[in-house]
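One file, work_29.txt, carrying compact mmCIF, C-alpha atoms:
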```txt
# COMPACT_ATOMS: atom_id res chain seq x y z
CA MET A 180 -28.68 3.90 -14.34
CA ASN A 181 -27.50 4.33 -17.94
CA ARG A 182 -24.72 6.63 -16.75
CA ILE A 183 -23.65 4.08 -14.16
CA PHE A 184 -23.63 1.30 -16.74
CA ARG A 185 -21.59 3.36 -19.22
CA THR A 186 -19.00 4.05 -16.51
CA TRP A 187 -19.03 0.52 -15.12
CA TRP A 188 -18.94 -1.76 -18.14
CA PRO A 189 -15.51 -0.75 -19.50
CA LEU A 190 -14.01 -1.19 -16.03
CA ALA A 191 -15.84 -4.49 -15.54
CA ALA A 192 -14.66 -5.67 -18.95
CA SER A 193 -11.11 -4.70 -18.01
CA TRP A 194 -11.23 -6.56 -14.70
CA PHE A 195 -12.94 -9.53 -16.36
CA LEU A 196 -10.27 -9.70 -19.05
CA MET A 197 -7.66 -9.43 -16.32
CA GLY A 198 -9.41 -12.30 -14.61
CA LEU A 199 -8.87 -14.39 -17.74
CA GLU A 200 -5.12 -14.13 -17.18
CA LEU A 201 -4.97 -16.62 -14.30
CA PRO A 202 -7.08 -19.32 -16.03
CA ALA A 203 -5.02 -18.88 -19.20
CA LEU A 204 -1.79 -19.26 -17.26
CA SER A 205 -3.12 -22.30 -15.44
CA ALA A 206 -4.33 -23.89 -18.68
CA VAL A 207 -0.90 -23.56 -20.30
CA VAL A 208 1.13 -24.54 -17.22
CA ALA A 209 -1.09 -27.62 -16.79
CA ARG A 210 -0.05 -28.74 -20.29
CA LEU A 211 3.71 -28.33 -19.67
CA PRO A 212 6.12 -30.63 -17.76
CA ASP A 213 5.47 -31.23 -14.02
CA PRO A 214 2.12 -29.39 -14.00
CA ASN A 215 1.26 -29.98 -10.32
CA VAL A 216 4.63 -28.70 -9.11
CA ASN A 217 4.59 -25.62 -11.34
CA LEU A 218 0.96 -24.77 -10.59
CA ALA A 219 1.68 -25.07 -6.87
CA ALA A 220 4.83 -22.93 -7.19
CA TRP A 221 2.90 -20.21 -9.03
CA GLY A 222 -0.30 -20.21 -6.98
CA GLY A 223 1.26 -21.01 -3.62
CA VAL A 224 4.40 -18.83 -3.66
CA VAL A 225 5.13 -16.58 -6.65
CA PHE A 226 1.78 -14.88 -7.16
CA PRO A 227 0.98 -14.34 -3.45
CA LEU A 228 4.44 -12.94 -2.69
CA SER A 229 4.37 -10.64 -5.73
CA LEU A 230 1.00 -9.29 -4.62
CA ILE A 231 2.19 -8.74 -1.05
CA ILE A 232 5.22 -6.76 -2.20
CA GLU A 233 3.13 -4.50 -4.44
CA SER A 234 0.32 -4.06 -1.89
CA PRO A 235 1.17 -0.45 -0.86
CA ILE A 236 0.54 0.75 -4.42
CA ILE A 237 -2.51 -1.37 -5.32
CA MET A 238 -4.93 1.29 -4.07
CA LEU A 239 -3.36 3.93 -6.30
CA LEU A 240 -6.23 3.35 -8.73
CA ALA A 241 -8.83 4.38 -6.14
CA ALA A 242 -6.63 7.21 -4.81
CA SER A 243 -5.91 8.62 -8.26
CA THR A 244 -9.59 8.40 -9.21
CA ALA A 245 -10.61 10.22 -6.04
CA LEU A 246 -7.83 12.83 -5.79
CA SER A 247 -6.50 13.63 -9.30
CA LYS A 248 -8.83 16.60 -9.63
CA ASP A 249 -6.25 19.30 -10.39
CA TRP A 250 -2.62 19.67 -11.52
CA ASP A 251 -1.11 20.15 -8.07
CA SER A 252 -2.78 17.03 -6.66
CA TYR A 253 -1.68 15.05 -9.70
CA LEU A 254 1.98 16.03 -9.22
CA LYS A 255 1.94 14.96 -5.55
CA LEU A 256 0.37 11.61 -6.41
CA ARG A 257 2.86 11.04 -9.23
CA ARG A 258 5.78 11.69 -6.86
CA TYR A 259 4.45 9.08 -4.44
CA MET A 260 3.95 6.59 -7.28
CA ILE A 261 7.55 6.96 -8.48
CA TRP A 262 9.14 6.58 -5.04
CA ALA A 263 6.85 3.81 -3.81
CA GLY A 264 7.21 1.83 -7.01
CA GLY A 265 11.00 2.08 -6.91
CA ILE A 266 11.35 1.11 -3.24
CA LEU A 267 9.00 -1.86 -3.56
CA THR A 268 10.78 -3.08 -6.69
CA ALA A 269 14.05 -3.01 -4.74
CA LEU A 270 12.35 -5.08 -2.01
CA HIS A 271 11.18 -7.60 -4.63
CA ILE A 272 14.76 -7.95 -5.89
CA LEU A 273 16.03 -8.52 -2.34
CA VAL A 274 13.50 -11.27 -1.69
CA ALA A 275 14.13 -12.97 -5.06
CA PHE A 276 17.94 -12.91 -4.95
CA THR A 277 18.96 -13.13 -1.28
CA SER A 278 18.48 -15.40 1.71
CA LEU A 279 15.24 -13.56 2.46
CA TYR A 280 13.63 -15.97 0.01
CA ASP A 281 14.59 -18.99 2.12
CA LEU A 282 13.33 -17.26 5.26
CA VAL A 283 9.93 -16.48 3.73
CA VAL A 284 9.30 -19.56 1.58
CA ILE A 285 10.96 -22.31 3.59
CA LYS A 286 10.54 -21.18 7.18
CA LEU A 287 7.40 -19.04 7.14
CA ILE A 288 5.29 -20.56 4.34
CA ASP A 289 6.81 -24.05 4.79
CA ALA A 290 6.23 -24.76 1.10
CA PRO A 291 6.60 -28.34 -0.17
CA VAL A 292 10.23 -29.06 -1.03
CA GLU A 293 9.57 -29.73 -4.71
CA ILE A 294 8.19 -26.22 -5.41
CA ILE A 295 10.91 -24.15 -3.68
CA GLU A 296 13.36 -23.80 -6.59
CA PRO A 297 10.74 -23.41 -9.36
CA ALA A 298 9.10 -20.65 -7.30
CA ARG A 299 12.46 -18.88 -6.92
CA ILE A 300 12.76 -18.71 -10.73
CA GLY A 301 9.22 -17.40 -11.09
CA LEU A 302 9.72 -14.69 -8.49
CA ARG A 303 12.84 -13.42 -10.25
CA LEU A 304 10.98 -13.21 -13.55
CA MET A 305 8.30 -11.08 -11.86
CA ILE A 306 10.65 -8.18 -10.99
CA PRO A 307 9.03 -5.68 -13.48
CA TRP A 308 5.60 -6.36 -11.96
CA THR A 309 5.45 -3.83 -9.10
CA TRP A 310 6.62 -0.64 -10.82
CA SER A 311 4.55 -1.39 -13.93
CA ILE A 312 1.43 -1.90 -11.82
CA ALA A 313 2.04 1.35 -9.90
CA TYR A 314 2.50 3.37 -13.09
CA ARG A 315 -0.51 2.03 -14.95
CA ARG A 316 -2.93 2.15 -11.97
CA PHE A 317 -1.99 5.76 -11.25
CA ASN A 318 -2.60 6.79 -14.86
CA GLN A 319 -5.77 4.73 -15.14
CA GLY A 320 -7.18 6.61 -12.15
CA VAL A 321 -6.64 9.91 -13.98
CA MET A 322 -8.47 8.57 -17.04
CA ILE A 323 -11.40 7.32 -14.96
CA ARG A 324 -11.65 10.66 -13.12
CA PHE A 325 -12.03 12.53 -16.43
CA GLY A 326 -14.46 10.08 -18.02
CA HIS A 327 -12.18 7.87 -20.12
CA SER A 328 -12.78 4.53 -18.40
CA GLU A 329 -12.94 2.75 -21.79
CA ALA A 330 -9.17 3.19 -22.10
CA VAL A 331 -8.70 0.88 -19.11
CA GLY A 332 -10.29 -1.99 -21.00
CA VAL A 333 -8.12 -1.36 -24.06
CA GLY A 334 -5.02 -1.53 -21.85
CA THR A 335 -6.12 -4.83 -20.39
CA PHE A 336 -6.70 -6.23 -23.88
CA ILE A 337 -3.15 -5.24 -24.83
CA ARG A 338 -1.88 -6.92 -21.67
CA LEU A 339 -3.67 -10.15 -22.56
CA CYS A 340 -2.29 -10.08 -26.10
CA ALA A 341 1.24 -9.83 -24.69
CA ASP A 342 0.43 -12.67 -22.29
CA GLY A 343 -0.87 -14.73 -25.17
CA LEU A 344 2.31 -14.33 -27.19
CA VAL A 345 4.45 -15.78 -24.40
CA LEU A 346 1.93 -18.48 -23.45
CA GLY A 347 1.53 -19.49 -27.10
CA PHE A 348 5.29 -19.73 -27.50
CA GLY A 349 5.57 -21.87 -24.36
CA LEU A 350 2.76 -24.15 -25.48
CA ALA A 351 4.28 -24.56 -28.94
CA LYS A 352 7.73 -25.30 -27.50
CA GLY A 353 6.25 -27.78 -25.04
CA ASP A 354 9.35 -28.55 -22.98
CA LEU A 355 9.93 -25.32 -21.03
CA PRO A 356 9.18 -25.07 -17.28
CA GLY A 357 5.65 -23.82 -16.70
CA ILE A 358 6.75 -21.43 -13.97
CA ALA A 359 9.16 -19.70 -16.39
CA ILE A 360 6.43 -19.27 -19.00
CA ALA A 361 3.96 -17.93 -16.41
CA GLY A 362 6.40 -15.42 -14.92
CA SER A 363 7.57 -14.18 -18.32
CA ALA A 364 4.01 -13.84 -19.62
CA VAL A 365 2.78 -11.81 -16.67
CA SER A 366 5.82 -9.53 -16.69
CA LEU A 367 5.56 -8.77 -20.39
CA GLY A 368 1.83 -8.23 -20.00
CA VAL A 369 2.04 -5.62 -17.25
CA ILE A 370 4.90 -3.81 -19.00
CA SER A 371 2.82 -3.58 -22.20
CA GLU A 372 -0.22 -2.31 -20.31
CA ALA A 373 1.85 0.29 -18.45
CA ILE A 374 3.33 1.61 -21.71
CA TYR A 375 -0.15 1.97 -23.21
CA ALA A 376 -1.53 3.71 -20.09
CA GLY A 377 1.35 6.21 -20.13
CA TRP A 378 0.72 6.99 -23.80
CA ARG A 379 -3.09 7.13 -23.55
CA VAL A 380 -3.17 9.46 -20.54
CA ARG A 381 -1.10 12.20 -22.22
CA PRO A 382 -3.96 14.02 -24.01
CA VAL A 383 -6.11 13.72 -20.87
CA ILE A 384 -3.39 15.42 -18.83
CA ARG A 385 -2.74 18.10 -21.46
CA ASP A 386 -6.32 18.99 -22.38
CA GLU A 387 -8.32 18.27 -19.23
CA LEU A 388 -6.23 17.83 -16.08
CA ARG A 389 -3.90 20.81 -16.53
CA VAL A 390 -6.79 23.22 -17.17
CA ALA A 391 -9.00 21.83 -14.37
CA PRO A 392 -9.78 24.39 -11.62
CA GLN A 393 -7.82 24.05 -8.40
CA VAL A 394 -9.73 22.28 -5.65
CA ASP A 395 -10.99 24.31 -2.69
CA GLU A 396 -8.88 22.32 -0.24
CA PRO A 397 -5.42 21.72 -1.80
CA LEU A 398 -3.99 18.25 -1.29
CA THR A 399 -1.17 18.29 1.26
CA TRP A 400 1.17 15.46 2.16
CA ARG A 401 -0.50 15.25 5.55
CA SER A 402 -4.00 15.01 4.10
CA PHE A 403 -2.77 12.52 1.48
CA ALA A 404 -1.17 10.37 4.20
CA SER A 405 -4.34 10.38 6.30
CA PHE A 406 -6.30 9.38 3.19
CA TYR A 407 -3.92 6.83 1.69
CA VAL A 408 -2.13 5.10 4.58
CA PRO A 409 -5.34 3.30 5.66
CA LEU A 410 -5.82 2.24 2.01
CA ALA A 411 -2.25 0.93 1.78
CA MET A 412 -2.75 -0.96 5.02
CA THR A 413 -6.00 -2.29 3.61
CA SER A 414 -4.33 -3.81 0.56
CA LEU A 415 -1.44 -5.14 2.65
CA LEU A 416 -3.76 -6.81 5.16
CA THR A 417 -5.99 -8.12 2.37
CA LEU A 418 -3.13 -9.69 0.47
CA LEU A 419 -1.56 -11.14 3.60
CA THR A 420 -4.35 -13.69 3.46
CA LEU A 421 -2.74 -15.22 0.35
CA PRO A 422 0.64 -16.25 1.84
CA ILE A 423 -1.09 -17.04 5.13
CA GLY A 424 -3.46 -19.24 3.16
CA SER A 425 -0.55 -20.89 1.36
CA ALA A 426 1.20 -21.50 4.68
CA ALA A 427 -1.94 -23.04 6.15
CA LEU A 428 -2.65 -25.22 3.10
CA SER A 429 0.96 -26.47 3.24
CA ARG A 430 0.23 -27.79 6.75
CA MET A 431 -3.11 -29.48 6.01
CA PRO A 432 -4.06 -32.71 4.21
CA MET A 433 -3.46 -32.87 0.43
CA ALA A 434 -1.02 -29.94 0.57
CA LEU A 435 0.42 -30.19 -2.95
CA GLU A 436 -2.97 -30.79 -4.55
CA SER A 437 -4.55 -27.90 -2.64
CA LEU A 438 -1.77 -25.49 -3.61
CA ALA A 439 -1.96 -26.62 -7.25
CA VAL A 440 -5.72 -25.97 -7.41
CA TRP A 441 -5.67 -22.87 -5.16
CA SER A 442 -4.92 -20.38 -7.97
CA VAL A 443 -7.02 -22.26 -10.54
CA VAL A 444 -10.19 -21.98 -8.46
CA GLY A 445 -9.18 -18.45 -7.51
CA GLY A 446 -8.90 -17.51 -11.18
CA LEU A 447 -12.45 -18.64 -11.93
CA VAL A 448 -13.86 -16.97 -8.81
CA PHE A 449 -11.97 -13.76 -9.63
CA MET A 450 -13.61 -13.57 -13.06
CA LEU A 451 -16.96 -13.22 -11.30
CA ARG A 452 -15.52 -11.08 -8.51
CA SER A 453 -14.25 -8.68 -11.16
CA LEU A 454 -17.77 -7.44 -11.85
CA GLY A 455 -17.94 -6.19 -8.27
CA VAL A 456 -14.33 -5.08 -7.94
CA ALA A 457 -14.83 -2.71 -10.89
CA TYR A 458 -17.75 -1.08 -9.09
CA ASN A 459 -15.49 0.56 -6.49
CA GLU A 460 -14.15 3.21 -8.91
CA VAL A 461 -17.66 3.76 -10.32
CA VAL A 462 -18.99 4.65 -6.87
CA VAL A 463 -16.00 6.92 -6.18
CA ALA A 464 -16.33 8.70 -9.52
CA LEU A 465 -20.12 9.24 -9.46
CA LEU A 466 -21.10 9.57 -5.81
CA ASP A 467 -20.12 13.26 -5.76
CA GLU A 468 -23.01 14.00 -8.11
CA PRO A 469 -26.38 14.94 -6.61
CA PHE A 470 -29.02 12.19 -6.37
CA ALA A 471 -26.62 9.45 -7.53
CA MET A 472 -26.73 7.44 -4.30
CA ASN A 473 -30.03 5.61 -4.75
CA SER A 474 -29.22 4.54 -8.30
CA LEU A 475 -25.74 3.39 -7.28
CA ARG A 476 -27.19 1.35 -4.42
CA ARG A 477 -29.81 -0.23 -6.68
CA TYR A 478 -27.16 -1.12 -9.26
CA ALA A 479 -25.11 -2.81 -6.52
CA THR A 480 -28.15 -4.92 -5.63
CA TYR A 481 -28.46 -6.10 -9.23
CA LEU A 482 -24.75 -7.02 -9.31
CA VAL A 483 -25.07 -9.04 -6.09
CA GLY A 484 -27.86 -11.13 -7.61
CA CYS A 485 -26.19 -11.60 -10.99
CA THR A 486 -22.79 -12.67 -9.67
CA THR A 487 -24.29 -15.13 -7.18
CA ILE A 488 -26.55 -16.73 -9.80
CA LEU A 489 -23.67 -17.05 -12.26
CA LEU A 490 -21.45 -18.86 -9.75
CA ILE A 491 -24.28 -21.21 -8.77
CA LEU A 492 -24.79 -22.06 -12.46
CA VAL A 493 -21.11 -22.86 -12.89
CA ALA A 494 -20.72 -24.83 -9.65
CA GLY A 495 -23.98 -26.75 -9.99
CA THR A 496 -23.66 -27.86 -13.62
CA GLN A 497 -21.18 -29.55 -15.92
CA LEU A 498 -19.75 -26.13 -16.76
CA SER A 499 -17.32 -26.54 -13.88
CA THR A 500 -16.16 -29.92 -15.21
CA VAL A 501 -15.63 -28.46 -18.67
CA TRP A 502 -13.76 -25.48 -17.22
CA PHE A 503 -11.45 -27.38 -14.88
CA GLY A 504 -11.09 -30.51 -16.98
CA ARG A 505 -11.05 -29.56 -20.65
CA LEU A 506 -10.07 -25.87 -20.61
CA THR A 507 -7.74 -25.73 -17.61
CA ALA A 508 -6.55 -29.33 -18.18
CA LEU A 509 -6.36 -30.33 -14.53
CA ALA A 510 -5.85 -33.99 -13.72
CA PRO A 511 -9.16 -35.80 -13.05
CA SER A 512 -8.39 -36.09 -9.33
CA LEU A 513 -7.86 -32.33 -9.13
CA VAL A 514 -11.00 -31.52 -11.12
CA GLU A 515 -13.20 -33.03 -8.44
CA ILE A 516 -11.74 -31.09 -5.52
CA ALA A 517 -11.78 -27.89 -7.62
CA ARG A 518 -15.51 -28.35 -8.30
CA GLU A 519 -16.24 -28.93 -4.62
CA ALA A 520 -14.19 -25.89 -3.61
CA LEU A 521 -16.46 -23.59 -5.66
CA TRP A 522 -19.32 -24.15 -3.21
CA PHE A 523 -17.17 -22.92 -0.33
CA ALA A 524 -16.41 -19.75 -2.33
CA LEU A 525 -20.04 -19.13 -3.34
CA PRO A 526 -20.68 -15.80 -1.50
CA ILE A 527 -17.35 -14.17 -2.39
CA PRO A 528 -18.39 -12.42 -5.67
CA ALA A 529 -21.44 -10.91 -3.96
CA PHE A 530 -19.31 -9.80 -1.01
CA ASN A 531 -17.02 -7.96 -3.44
CA VAL A 532 -19.93 -5.93 -4.79
CA LEU A 533 -21.00 -4.91 -1.29
CA GLN A 534 -17.42 -4.15 -0.36
CA SER A 535 -17.09 -1.81 -3.36
CA TRP A 536 -20.31 -0.01 -2.40
CA PHE A 537 -19.37 0.50 1.24
CA GLN A 538 -15.77 1.41 0.40
CA GLY A 539 -16.98 3.91 -2.19
CA LEU A 540 -19.03 5.64 0.50
CA LEU A 541 -16.01 5.82 2.80
CA LEU A 542 -13.63 6.97 0.05
CA SER A 543 -16.05 9.69 -1.03
CA SER A 544 -16.22 11.03 2.53
CA ARG A 545 -12.45 10.46 3.07
CA ARG A 546 -13.16 8.18 6.07
CA THR A 547 -10.68 5.58 4.87
CA ARG A 548 -9.73 4.32 8.33
CA GLY A 549 -12.86 2.20 8.46
CA ILE A 550 -11.68 0.31 5.36
CA SER A 551 -8.44 -0.85 6.98
CA GLU A 552 -10.31 -1.72 10.20
CA ALA A 553 -12.67 -3.95 8.22
CA VAL A 554 -9.80 -5.71 6.48
CA ALA A 555 -8.03 -6.27 9.81
CA ILE A 556 -11.19 -7.91 11.17
CA SER A 557 -11.45 -10.02 8.02
CA LEU A 558 -7.79 -11.07 8.31
CA LEU A 559 -8.27 -12.02 11.95
CA THR A 560 -11.35 -14.09 11.11
CA THR A 561 -9.63 -15.80 8.20
CA GLY A 562 -6.55 -16.51 10.31
CA ILE A 563 -8.57 -18.07 13.12
CA ILE A 564 -10.41 -20.43 10.73
CA LEU A 565 -7.16 -21.41 8.97
CA THR A 566 -5.48 -22.06 12.31
CA LEU A 567 -8.37 -24.25 13.42
CA GLY A 568 -8.09 -26.12 10.13
CA VAL A 569 -4.39 -26.78 10.72
CA LEU A 570 -5.01 -27.90 14.31
CA TRP A 571 -7.89 -30.15 13.23
CA GLY A 572 -5.79 -31.62 10.43
CA ARG A 573 -8.49 -33.83 8.94
CA THR A 574 -10.02 -31.66 6.22
CA THR A 575 -8.58 -30.91 2.78
CA GLY A 576 -6.79 -27.57 3.03
CA LEU A 577 -8.43 -26.15 -0.11
CA PHE A 578 -11.90 -26.38 1.44
CA VAL A 579 -10.78 -24.83 4.71
CA GLY A 580 -9.07 -22.01 2.79
CA TRP A 581 -12.14 -20.98 0.81
CA THR A 582 -14.37 -21.29 3.88
CA ALA A 583 -12.02 -18.95 5.73
CA PHE A 584 -12.08 -16.43 2.87
CA SER A 585 -15.88 -16.49 2.69
CA VAL A 586 -16.41 -15.96 6.42
CA GLY A 587 -13.71 -13.30 6.41
CA GLY A 588 -15.55 -11.48 3.62
CA LEU A 589 -18.75 -11.57 5.68
CA THR A 590 -17.15 -9.97 8.75
CA GLN A 591 -15.41 -7.38 6.55
CA ASN A 592 -18.69 -6.27 5.00
CA LEU A 593 -20.47 -6.12 8.33
CA TRP A 594 -17.84 -3.72 9.66
CA LEU A 595 -17.82 -1.65 6.45
CA TRP A 596 -21.59 -1.34 6.68
CA ARG A 597 -21.31 -0.05 10.24
CA ARG A 598 -18.54 2.43 9.48
CA SER A 599 -20.17 3.77 6.29
CA ARG A 600 -23.44 4.77 7.94
CA PRO A 601 -22.30 8.35 8.80
CA ALA A 602 -21.21 8.86 5.19
CA LEU A 603 -24.60 7.60 4.03
CA VAL A 604 -26.35 10.11 6.28
CA GLU A 605 -24.18 12.97 5.00
CA ILE A 606 -24.89 12.16 1.37
CA THR A 607 -28.62 11.85 2.08
CA ARG A 608 -28.63 15.30 3.71
CA ARG A 609 -26.67 16.74 0.77
CA ASP A 610 -29.23 15.41 -1.69
CA GLU A 611 -32.10 16.74 0.41
CA ALA A 612 -30.46 20.18 0.39
CA HIS A 613 -30.12 20.04 -3.40
CA ALA A 614 -33.78 19.06 -3.71
CA ILE A 615 -34.86 22.04 -1.60
CA ALA A 616 -32.62 24.40 -3.57
```

Could you spell out this file's structure in structure tokens?
Amino acid sequence: MNRIFRTWWPLAASWFLMGLELPALSAVVARLPDPNVNLAAWGGVVFPLSLIIESPIIMLLAASTALSKDWDSYLKLRRYMIWAGGILTALHILVAFTSLYDLVVIKLIDAPVEIIEPARIGLRLMIPWTWSIAYRRFNQGVMIRFGHSEAVGVGTFIRLCADGLVLGFGLAKGDLPGIAIAGSAVSLGVISEAIYAGWRVRPVIRDELRVAPQVDEPLTWRSFASFYVPLAMTSLLTLLTLPIGSAALSRMPMALESLAVWSVVGGLVFMLRSLGVAYNEVVVALLDEPFAMNSLRRYATYLVGCTTILLILVAGTQLSTVWFGRLTALAPSLVEIAREALWFALPIPAFNVLQSWFQGLLLSSRRTRGISEAVAISLLTTGIILTLGVLWGRTTGLFVGWTAFSVGGLTQNLWLWRRSRPALVEITRRDEAHAIA
């Protein structure tokens, strides 16, 4: 358990610090001109679209952690990172600067008229996002694989410092558009973190990766594709829920208010989700070791309880009022619906822990298809609930959105549990064989 904690806490700290980014952005944007419009533009258009575009490279962290075991595998993964990052950045530029933007934001998302142009500015400022994320996640996976997970937290701290410089400047100036400050802050942050990751990984590559023994089964492009394509589809399908959610909220009661609070509530929930999200790489890194499974499963149980209790404490006390009202500076009318929305998101942090456990089992056994199947089921469930909410048309969109995400997380975990059972049996037999030997 001590080994698990030592591997987990730097990653959890990194994800938690990363989770602070959204609340910090929201707190500053809420104190700048036209806060509702700029918050809605960021949370309803810019951030979801940026995530969708980068989705094929999001799982590079898990892939690099699992596969960067020798020099040859590292080179193949690096080649994919470079090409994928470049192509997706070109796609981001096309969406931000051509008529594709109008097609996506006006026709598909049907965003409120007042947020269309601010969101266009924000999306253009986010151009460095995709390639920087690809580069740093790939290198972070190498560091985690060779036992340097603490470097991930340092990188996140550097990212937040860069964010803080831009946000502080915007707050001091006081008259700049919030969407411009948010986009600039995030871009500078990810660039800074990527530069640090590239510098920090150099001694790991030179002294540990290059001298690591070649794996018994060399990584081929075919085996990499069979491993990674389901993961890429997983992140794509997962992140599709964000623009789908924005499109649904735009068509339900209190559209502007729901979109404005959407990312604010999401930022708070993500801070607690981060404790479980970080567990995925821990399971992948440690499950290969004999007799690790029972301890990893027990640790996941503790995380489920802790994250659920923490969110109940926030939602059920004045902590939520302090967070949304004083720290995030939402208008009083928005504070109330943000507080209520937390109850609809209550199981999500716990679901993330379970998801990391089940996905770790599947990644370790290279049965990644089950992960994308689970996400497809979750997306279908979420889409059905959002569609019913639009057709019903009498419930605040924010509440319908978080209900859809919670039920979608439940169906996703049920399918992951089913698909991970063969991997669980294999690992149990492996440990029994080690015990006999």

**Request:** Extract, using all atoms listed in the file, all DNA, RNA and protein residues at most 10 Å from A:Ala341, discarding same-chain residues fewer than 3 positions from it, and format them as a ChimeraX atom specification.
**Result:** /A:335-338,344-347,363-372

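Counting only C-alpha atoms, the residue from A:Leu465, A:Ile232, A:Ala510, A:Val456 that sits nearest to A:Asp213 is A:Ala510.
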
**Item:** Gap from atom CA of A:Val514 to atom CA of A:Val448 - Å, one decimal
**Value:**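 The value is 15.0 Å.
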
**Request:** Please identify all polymer residues within 12 Å of A:Leu490, counting only C-alpha atoms, omitting same-chain residues fewer than 2 positions from it, and present them as JSON, numbers by chain.
**Result:** {"A": [444, 447, 448, 449, 450, 451, 452, 483, 484, 485, 486, 487, 488, 492, 493, 494, 495, 496, 498, 499, 518, 520, 521, 522, 523, 524, 525, 526, 527, 528, 529]}

**Request:** Measuring atom to atom with only C-alpha atoms, identify which of A:Ser425, A:Val604, A:Val579, A:Leu542 is nearest to A:Ile288.
**Result:** A:Ser425

**Prompt:** Between A:Leu570, A:Leu533, A:Thr417, A:Ile491, which one has atoms that come closest to A:Ile556, using all atoms listed in the file?
**Reply:**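 For A:Ile556, the nearest of the given residues is A:Thr417.
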
**Request:** Identify which of the residues A:Pro397, A:Gly424, A:Gly264, A:Gly568 lies closest to A:Ile236, counting all atoms listed in the file when measuring atom-to-atom distances.
**Result:** A:Gly264

**Request:** Compare A:Ala612, A:Ala553, A:Leu541, A:Leu435 by their minimum atom-to-atom distance to A:Leu513, counting all atoms listed in the file, and give me the closest one.
**Result:**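 Comparing A:Ala612, A:Ala553, A:Leu541, A:Leu435 against A:Leu513, the winner is A:Leu435.
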
**Item:** Point-to-point distance in Å for atom CA of A:Val554 and atom CA of A:Thr244
**Value:**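 Separation of atom CA of A:Thr244 and atom CA of A:Val554: 21.1 Å.
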
Please list as a short mmCIF file (atom, residue, chain, number, x, y, z; two decimals) with C-alpha atoms, keeping the file's coordinate frame every residue within 9 Å of A:Leu540, counting all atoms listed in the file and excluding residues in the same chain fewer than 6 positions away.
```cif
data_model
loop_
_atom_site.label_atom_id
_atom_site.label_comp_id
_atom_site.auth_asym_id
_atom_site.auth_seq_id
_atom_site.Cartn_x
_atom_site.Cartn_y
_atom_site.Cartn_z
CA VAL A 462 -18.99 4.65 -6.87
CA VAL A 463 -16.00 6.92 -6.18
CA LEU A 466 -21.10 9.57 -5.81
CA ARG A 546 -13.16 8.18 6.07
CA SER A 599 -20.17 3.77 6.29
CA ARG A 600 -23.44 4.77 7.94
CA ALA A 602 -21.21 8.86 5.19
CA LEU A 603 -24.60 7.60 4.03
CA ILE A 606 -24.89 12.16 1.37
#
```

Grab all the atoms of stretch 252-261 of chain A that the file lists, wrap them in a box along x, y and z, add 5 Å per side, and give me centre plus edge lengths in Å (one decimal) as JSON.
```
{"center_x": 2.4, "center_y": 11.8, "center_z": -7.1, "size_x": 20.3, "size_y": 20.4, "size_z": 15.3}
```

**Asked** Suppose you want the space between atom CA of A:Glu329 and atom CA of A:Met305; what is it in Å?
**Response** 27.2 Å

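Minimum atom-to-atom distance to A:Asp467, evaluated using only C-alpha atoms, belongs to A:Ala245 out of A:Ala245, A:Leu454, A:Leu204, A:Val224.
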
**Request:** Taking the point (-2.9, 14.8, 0.7) as given in the file, collect each protein or nucleic acid residue that comes within 12 Å of it, counting only C-alpha atoms, and present the set as a PyMOL selection string.
**Result:** chain A and resi 242-243+245-247+251-256+258-259+394+396-408+545

**Item:** Nearby residues (all atoms listed in the file) at most 12 Å from A:Gly562, same-chain spacing under 5 positions excluded, as a list in words
**Value:** Leu416, Thr417, Leu419, Thr420, Leu421, Pro422, Ile423, Gly424, Ser425, Ala426, Ala427, Leu428, Val554, Ala555, Ile556, Ser557, Leu567, Gly568, Val569, Val579, Gly580, Trp581, Thr582, Ala583, Phe584, Val586 and Gly587 of chain A

**Request:** Considering all atoms listed in the file, return as number ranges by chain whatever protein or nucleic-acid residues lie within 8 Å of A:Ser205, sequence-local ones (same chain, fewer than 3 positions apart) excluded.
**Result:** A: 201-202, 208-209, 218, 442-443, 507

Kindly complete stretch 401-407 of chain A to N, CA and C atoms; the output should be written as a PDB file, in the coordinates of the input.
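Dumped everything to out_4.pdb:
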```pdb
ATOM      1  N   ARG A 401       0.159  15.741   4.334  1.00  0.00           N
ATOM      2  CA  ARG A 401      -0.500  15.250   5.550  1.00  0.00           C
ATOM      3  C   ARG A 401      -1.896  14.715   5.236  1.00  0.00           C
ATOM      4  N   SER A 402      -2.647  15.474   4.431  1.00  0.00           N
ATOM      5  CA  SER A 402      -4.000  15.010   4.100  1.00  0.00           C
ATOM      6  C   SER A 402      -3.936  13.763   3.210  1.00  0.00           C
ATOM      7  N   PHE A 403      -2.928  13.714   2.316  1.00  0.00           N
ATOM      8  CA  PHE A 403      -2.770  12.520   1.480  1.00  0.00           C
ATOM      9  C   PHE A 403      -2.438  11.301   2.347  1.00  0.00           C
ATOM     10  N   ALA A 404      -1.546  11.493   3.330  1.00  0.00           N
ATOM     11  CA  ALA A 404      -1.170  10.370   4.200  1.00  0.00           C
ATOM     12  C   ALA A 404      -2.375   9.876   4.997  1.00  0.00           C
ATOM     13  N   SER A 405      -3.175  10.805   5.521  1.00  0.00           N
ATOM     14  CA  SER A 405      -4.340  10.380   6.300  1.00  0.00           C
ATOM     15  C   SER A 405      -5.365   9.668   5.432  1.00  0.00           C
ATOM     16  N   PHE A 406      -5.390  10.031   4.122  1.00  0.00           N
ATOM     17  CA  PHE A 406      -6.300   9.380   3.190  1.00  0.00           C
ATOM     18  C   PHE A 406      -5.761   8.028   2.727  1.00  0.00           C
ATOM     19  N   TYR A 407      -4.454   7.993   2.394  1.00  0.00           N
ATOM     20  CA  TYR A 407      -3.920   6.830   1.690  1.00  0.00           C
ATOM     21  C   TYR A 407      -3.333   5.751   2.594  1.00  0.00           C
TER      22      TYR A 407
END
```
